[in-house]
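Asks: Quick one: the structure is below, and I'll ask about it shortly.
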Amino acid sequence: MRSLRRCGLERSVFLAGMMVVVVLTALGGLAQQGTPATAVNNSAAPLTLTLQDALARARANEPQYRAALTDYGLARQTTVQTRAGLLPNVAYNGQYIYTEGNGTSTGRFIGANGVHEYVSEGNIHQSLSLQNAAEYRRARAQEALAKAKSEIAARGLVVTVVQTYYGFVVAQRKYSTAQRAAGEAEHFFDITQKLEHGGEVAHSDTIKAELQFLQQQRALQDAELDIERSRLELAVLIFPNFNENFATVDDLENIESLPSFQEVEAEAGKNSPQLQVALASLKAANQEVAVAWNSFLPSLGLDYFYGIDANHYAVNGFDPVTGRNVKNLGYAATATLELPLWNWGASRSKVKQADLLRDQAKVELSFAQRKAVADLKAFYNEAQTSRAEMESLRQSADLASESLRLTTLRYQAGEATVLEVVDAQNTLTLAQNALGDGQQRFRVALANLQTLTGKF
């Protein structure tokens with residue numbers, strides 16, 4: 001225990017430093033002061049990004065989200081292709097056939113219509129099949145499934161960006177707090193050394209101050225490492241090229257309101273992409289069954305040809321038998337009925353495969369419905385609790401600041417020990433860091449809740 005008598009000059013220097021820290025804390029100047037020594041030094045001004053800016057950039061550059069959009073685009077094109085199979089198609093056929101002659105107007109091959117045969121005609125083809133219709137419905141169901149999965153990817157990307165963005169913001173706060181704590185510890189260590197030399201305190205107080213100083217130096221290094229790691233994670237997520245020259249906006253104090261659980265539940269029932277994926281999967285599985293069964297049914301093909309199929313490439317020709325001119329331009333039509341009879345059980349096997357997929361889709365839908373209810377309650381409770389705790393965390397930070405001020409005054413009056421001052425400093429650091437963590441926790445919890453409801 002140190003003596004109640006103090007060295008007036010040294011006490012005044014120490015108290016002045018402590019009061020400056022308390023004033024800065026009360027004014028909120030610790031939110032984003034200072035940058036780590038290893039921060040990127042760039043001649044250009046840093047790009048200031050809001051959360052919405054980061055989201056927009058992530059949507060353009062994050063590969064998993066882009067892959068989900070690509071899958072959706074592919075599914076849309078599959079729908080276009082299967083729909084085209086239901087409509088008439090127009091093609092042009094151009095062909096020249098030469099057959100070795102045998103001295104007559106026909107060739108040596110009995111299938112030849114002449115030594116020279118020219119084909120130049122348009123063809124309208126229509127295929128009528130219930131299987132084609134089922135494939136089109138399956139493609140539409142798969143498109144809806146891909147769209148729902150892309151929405152899951154979009155909302156999951158929001159969670160990732162929110163967590164990474166505010167992780168960097170909180171890391172900046174913690175670095176500023178660590179800077180303040182390290183400065184306090186260094187100043188306190190210097191004062192205890194002077195007091196020990198004056199015989200006012202024991203050597204144990206100097207040892208305690210040195211331990212506090214070393215600990216805060218390590219904490220500052222860890223905070224610097226954490227802020228650089230957070231910066232790199234965010235840079236990789238939002239930039240197409242590697243860019244570390246940016247700054248973020250600390251808007252964690254802007255607390256959003258939380259709607260009632262009944263409102264959230266209603267929104268989740270309408271907008272939950274997880275349920276939409278499960279429903280779309282079941283619809284796609286049902287269409288797989290329809291496609292498999294329709295493979296047993298007949299199909300009809302219709303073709304209409306118009307053009308030239310003659311021994312001379314001309315609109316008009318000459319018939320050597322009758323000696324008259326004839327028209328080569330004409331039309332023809334064919335109808336083909338295809339009835340599947342036997343394929344060694346392949347069609348039956350496809351039906352069994354489709355039935356297995358449909359049964360699995362039913363199980364997944366039932367599970368998705370149960371999980372959606374559980375996730376909704378869990379995410380809402382997390383958001384509600386974290387929002388309520390923020391008031392307590394802010395109050396704790398204010399109380400810790402007031403405690404440091406009062407402990408400093410008690411130290412001035414000779415009623416407190418240096419250990420109490422150190423404890424008050426550490427308590428303030430922990431309270432400020434906990435407030436930042438709590439604010440980030442609420443933002444992430446809100447983003448998780450909105451993966452089920454959409455933005456509200």
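Chain labels follow the order of the structure tokens: the first chain is A, the next B, and so on; residue numbering restarts at 1 in every chain, and ligands are counted from 1 in their shown order.
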Do you know which residues are at most 12 Å from Asp359 of chain A counting only C-alpha atoms, after dropping those on the same chain fewer than 5 positions away, and could you put them as a PDB file with N, CA and C atoms, in the first residue's frame?
Replies:
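To be explicit, this is the file written out as result_34.pdb:
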ATOM      1  N   SER A 281     -38.869 -28.064 -55.873  1.00  0.00           N
ATOM      2  CA  SER A 281     -38.243 -29.389 -56.034  1.00  0.00           C
ATOM      3  C   SER A 281     -39.305 -30.469 -56.166  1.00  0.00           C
ATOM      4  N   LEU A 282     -40.380 -30.369 -55.373  1.00  0.00           N
ATOM      5  CA  LEU A 282     -41.452 -31.357 -55.459  1.00  0.00           C
ATOM      6  C   LEU A 282     -42.170 -31.260 -56.803  1.00  0.00           C
ATOM      7  N   LYS A 283     -42.414 -30.034 -57.281  1.00  0.00           N
ATOM      8  CA  LYS A 283     -43.069 -29.879 -58.580  1.00  0.00           C
ATOM      9  C   LYS A 283     -42.194 -30.443 -59.703  1.00  0.00           C
ATOM     10  N   ALA A 284     -40.894 -30.182 -59.622  1.00  0.00           N
ATOM     11  CA  ALA A 284     -39.992 -30.718 -60.641  1.00  0.00           C
ATOM     12  C   ALA A 284     -39.973 -32.241 -60.593  1.00  0.00           C
ATOM     13  N   ALA A 285     -40.010 -32.810 -59.388  1.00  0.00           N
ATOM     14  CA  ALA A 285     -40.025 -34.276 -59.254  1.00  0.00           C
ATOM     15  C   ALA A 285     -41.317 -34.856 -59.819  1.00  0.00           C
ATOM     16  N   ASN A 286     -42.439 -34.173 -59.598  1.00  0.00           N
ATOM     17  CA  ASN A 286     -43.702 -34.646 -60.184  1.00  0.00           C
ATOM     18  C   ASN A 286     -43.649 -34.637 -61.708  1.00  0.00           C
ATOM     19  N   GLU A 288     -40.947 -34.985 -63.453  1.00  0.00           N
ATOM     20  CA  GLU A 288     -40.057 -36.090 -63.845  1.00  0.00           C
ATOM     21  C   GLU A 288     -40.852 -37.385 -63.971  1.00  0.00           C
ATOM     22  N   VAL A 289     -41.773 -37.587 -63.045  1.00  0.00           N
ATOM     23  CA  VAL A 289     -42.632 -38.779 -63.119  1.00  0.00           C
ATOM     24  C   VAL A 289     -43.499 -38.733 -64.375  1.00  0.00           C
ATOM     25  N   LYS A 352     -39.292 -45.684 -62.148  1.00  0.00           N
ATOM     26  CA  LYS A 352     -38.865 -45.973 -60.775  1.00  0.00           C
ATOM     27  C   LYS A 352     -37.907 -44.903 -60.254  1.00  0.00           C
ATOM     28  N   GLN A 353     -37.000 -44.447 -61.113  1.00  0.00           N
ATOM     29  CA  GLN A 353     -36.101 -43.373 -60.698  1.00  0.00           C
ATOM     30  C   GLN A 353     -36.882 -42.115 -60.331  1.00  0.00           C
ATOM     31  N   ALA A 354     -37.849 -41.760 -61.176  1.00  0.00           N
ATOM     32  CA  ALA A 354     -38.644 -40.559 -60.921  1.00  0.00           C
ATOM     33  C   ALA A 354     -39.452 -40.692 -59.633  1.00  0.00           C
ATOM     34  N   GLU A 364     -38.103 -33.897 -48.098  1.00  0.00           N
ATOM     35  CA  GLU A 364     -37.384 -32.626 -47.957  1.00  0.00           C
ATOM     36  C   GLU A 364     -38.337 -31.462 -47.754  1.00  0.00           C
ATOM     37  N   LEU A 365     -39.505 -31.501 -48.392  1.00  0.00           N
ATOM     38  CA  LEU A 365     -40.489 -30.443 -48.184  1.00  0.00           C
ATOM     39  C   LEU A 365     -40.999 -30.448 -46.752  1.00  0.00           C
ATOM     40  N   SER A 366     -41.303 -31.631 -46.229  1.00  0.00           N
ATOM     41  CA  SER A 366     -41.775 -31.720 -44.845  1.00  0.00           C
ATOM     42  C   SER A 366     -40.715 -31.214 -43.870  1.00  0.00           C
TER      43      SER A 366
END
Asks: Considering only C-alpha atoms, return as a PyMOL selection string whatever protein or nucleic-acid residues lie within 10 Å of Lys270 of chain A, sequence-local ones (same chain, fewer than 4 positions apart) excluded.
Replies: chain A and resi 265-266+275-276+452-454
Asks: Which residues come within 9 Å of Arg140 of chain A, counting only C-alpha atoms, excluding same-chain residues fewer than 4 positions away, as a ChimeraX atom specification?
Replies: /A:75-76,78-79,135-136,144-145,284
Asks: Pick out the residues sitting within 10 Å of Leu157 of chain A, and hand them over as a short mmCIF file (atom, residue, chain, number, x, y, z; two decimals) with all heavy atoms, in the first residue's frame; count only C-alpha atoms, and ignore anything fewer than 6 positions along from it in its own chain.
Replies:
data_model
loop_
_atom_site.label_atom_id
_atom_site.label_comp_id
_atom_site.auth_asym_id
_atom_site.auth_seq_id
_atom_site.Cartn_x
_atom_site.Cartn_y
_atom_site.Cartn_z
N LEU A 55 -22.63 -4.15 -50.69
CA LEU A 55 -23.56 -5.16 -51.19
C LEU A 55 -23.61 -5.14 -52.72
O LEU A 55 -23.60 -6.20 -53.36
CB LEU A 55 -24.95 -4.92 -50.62
CG LEU A 55 -25.16 -5.30 -49.15
CD1 LEU A 55 -26.51 -4.81 -48.65
CD2 LEU A 55 -25.06 -6.81 -48.98
N ALA A 58 -20.43 -6.64 -54.05
CA ALA A 58 -20.37 -8.08 -53.81
C ALA A 58 -21.26 -8.84 -54.78
O ALA A 58 -20.91 -9.93 -55.25
CB ALA A 58 -20.75 -8.39 -52.37
N ARG A 59 -22.42 -8.27 -55.10
CA ARG A 59 -23.31 -8.94 -56.06
C ARG A 59 -22.67 -9.06 -57.43
O ARG A 59 -23.00 -9.96 -58.20
CB ARG A 59 -24.63 -8.16 -56.16
CG ARG A 59 -25.49 -8.23 -54.91
CD ARG A 59 -26.86 -7.63 -55.15
NE ARG A 59 -27.66 -7.61 -53.93
CZ ARG A 59 -27.85 -6.53 -53.18
NH1 ARG A 59 -27.30 -5.37 -53.55
NH2 ARG A 59 -28.57 -6.59 -52.09
N GLU A 62 -18.97 -11.66 -56.24
CA GLU A 62 -18.89 -12.87 -55.42
C GLU A 62 -19.22 -14.09 -56.27
O GLU A 62 -20.29 -14.18 -56.87
CB GLU A 62 -19.87 -12.75 -54.25
CG GLU A 62 -19.46 -13.54 -53.02
CD GLU A 62 -19.81 -15.01 -53.16
OE1 GLU A 62 -20.84 -15.31 -53.79
OE2 GLU A 62 -19.07 -15.85 -52.64
N GLN A 64 -19.93 -17.41 -55.77
CA GLN A 64 -21.01 -18.34 -55.48
C GLN A 64 -22.37 -17.73 -55.83
O GLN A 64 -23.26 -18.42 -56.36
CB GLN A 64 -20.97 -18.73 -54.00
CG GLN A 64 -19.76 -19.58 -53.63
CD GLN A 64 -19.79 -20.03 -52.19
OE1 GLN A 64 -20.64 -19.62 -51.41
NE2 GLN A 64 -18.85 -20.88 -51.82
N TYR A 65 -22.53 -16.46 -55.54
CA TYR A 65 -23.78 -15.78 -55.91
C TYR A 65 -23.91 -15.72 -57.43
O TYR A 65 -24.99 -15.97 -57.98
CB TYR A 65 -23.80 -14.39 -55.31
CG TYR A 65 -24.94 -13.53 -55.80
CD1 TYR A 65 -26.25 -13.80 -55.44
CD2 TYR A 65 -24.69 -12.43 -56.63
CE1 TYR A 65 -27.30 -13.02 -55.89
CE2 TYR A 65 -25.73 -11.64 -57.09
CZ TYR A 65 -27.03 -11.94 -56.72
OH TYR A 65 -28.07 -11.17 -57.17
N GLU A 151 -32.37 -16.81 -55.06
CA GLU A 151 -32.81 -15.90 -53.99
C GLU A 151 -32.16 -16.28 -52.66
O GLU A 151 -31.79 -15.39 -51.88
CB GLU A 151 -34.34 -15.96 -53.87
CG GLU A 151 -34.92 -15.02 -52.83
CD GLU A 151 -34.65 -13.56 -53.11
OE1 GLU A 151 -34.43 -13.22 -54.29
OE2 GLU A 151 -34.68 -12.75 -52.16
N GLN A 163 -21.78 -9.34 -42.13
CA GLN A 163 -20.85 -9.84 -41.13
C GLN A 163 -19.43 -9.35 -41.40
O GLN A 163 -18.71 -8.94 -40.49
CB GLN A 163 -20.88 -11.37 -41.11
CG GLN A 163 -20.12 -11.99 -39.96
CD GLN A 163 -20.42 -13.47 -39.82
OE1 GLN A 163 -21.02 -14.09 -40.71
NE2 GLN A 163 -20.03 -14.06 -38.72
N LEU A 237 -13.95 -9.79 -51.02
CA LEU A 237 -15.37 -10.02 -51.25
C LEU A 237 -15.99 -9.01 -52.21
O LEU A 237 -16.87 -9.36 -53.01
CB LEU A 237 -16.12 -9.98 -49.91
CG LEU A 237 -17.61 -10.29 -49.92
CD1 LEU A 237 -17.86 -11.72 -50.39
CD2 LEU A 237 -18.20 -10.09 -48.52
N ALA A 447 -29.89 -9.70 -40.39
CA ALA A 447 -29.67 -10.21 -41.75
C ALA A 447 -30.07 -11.68 -41.84
O ALA A 447 -30.67 -12.12 -42.85
CB ALA A 447 -28.20 -10.05 -42.15
N THR A 451 -33.20 -13.50 -44.18
CA THR A 451 -33.07 -14.59 -45.15
C THR A 451 -34.38 -15.37 -45.27
O THR A 451 -34.62 -16.03 -46.29
CB THR A 451 -31.95 -15.56 -44.76
OG1 THR A 451 -32.23 -16.11 -43.47
CG2 THR A 451 -30.59 -14.85 -44.72
#
Asks: Using only C-alpha atoms, which residue out of A:Val444, A:Val201, A:Leu51, A:Ala278 lies closest to Phe367 of chain A?
Replies: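 The closest residue to Phe367 of chain A is A:Ala278.
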Asks: May I have the residues within 10 Å of segment 389-391 of chain A as a ChimeraX atom specification, using only C-alpha atoms and disregarding those fewer than 2 positions away in the same chain?
Replies: /A:253,255,383-387,393-397,434-439,441-442
Asks: According to DSSP computed on the backbone, where in segment 277-414 of chain A is there alpha helix (DSSP H)? Give the residues as JSON, numbers by chain.
Replies: {"A": [277, 278, 279, 280, 281, 282, 283, 284, 285, 286, 287, 288, 289, 290, 291, 292, 293, 294, 346, 347, 348, 349, 350, 351, 352, 353, 354, 355, 356, 357, 358, 359, 360, 361, 362, 363, 364, 365, 366, 367, 368, 369, 370, 371, 372, 373, 374, 375, 376, 377, 378, 379, 380, 381, 382, 383, 384, 385, 386, 387, 388, 389, 390, 391, 392, 393, 394, 395, 396, 397, 398, 399, 400, 401, 402, 403, 404, 405, 406, 407, 408, 409, 410, 411, 412]}
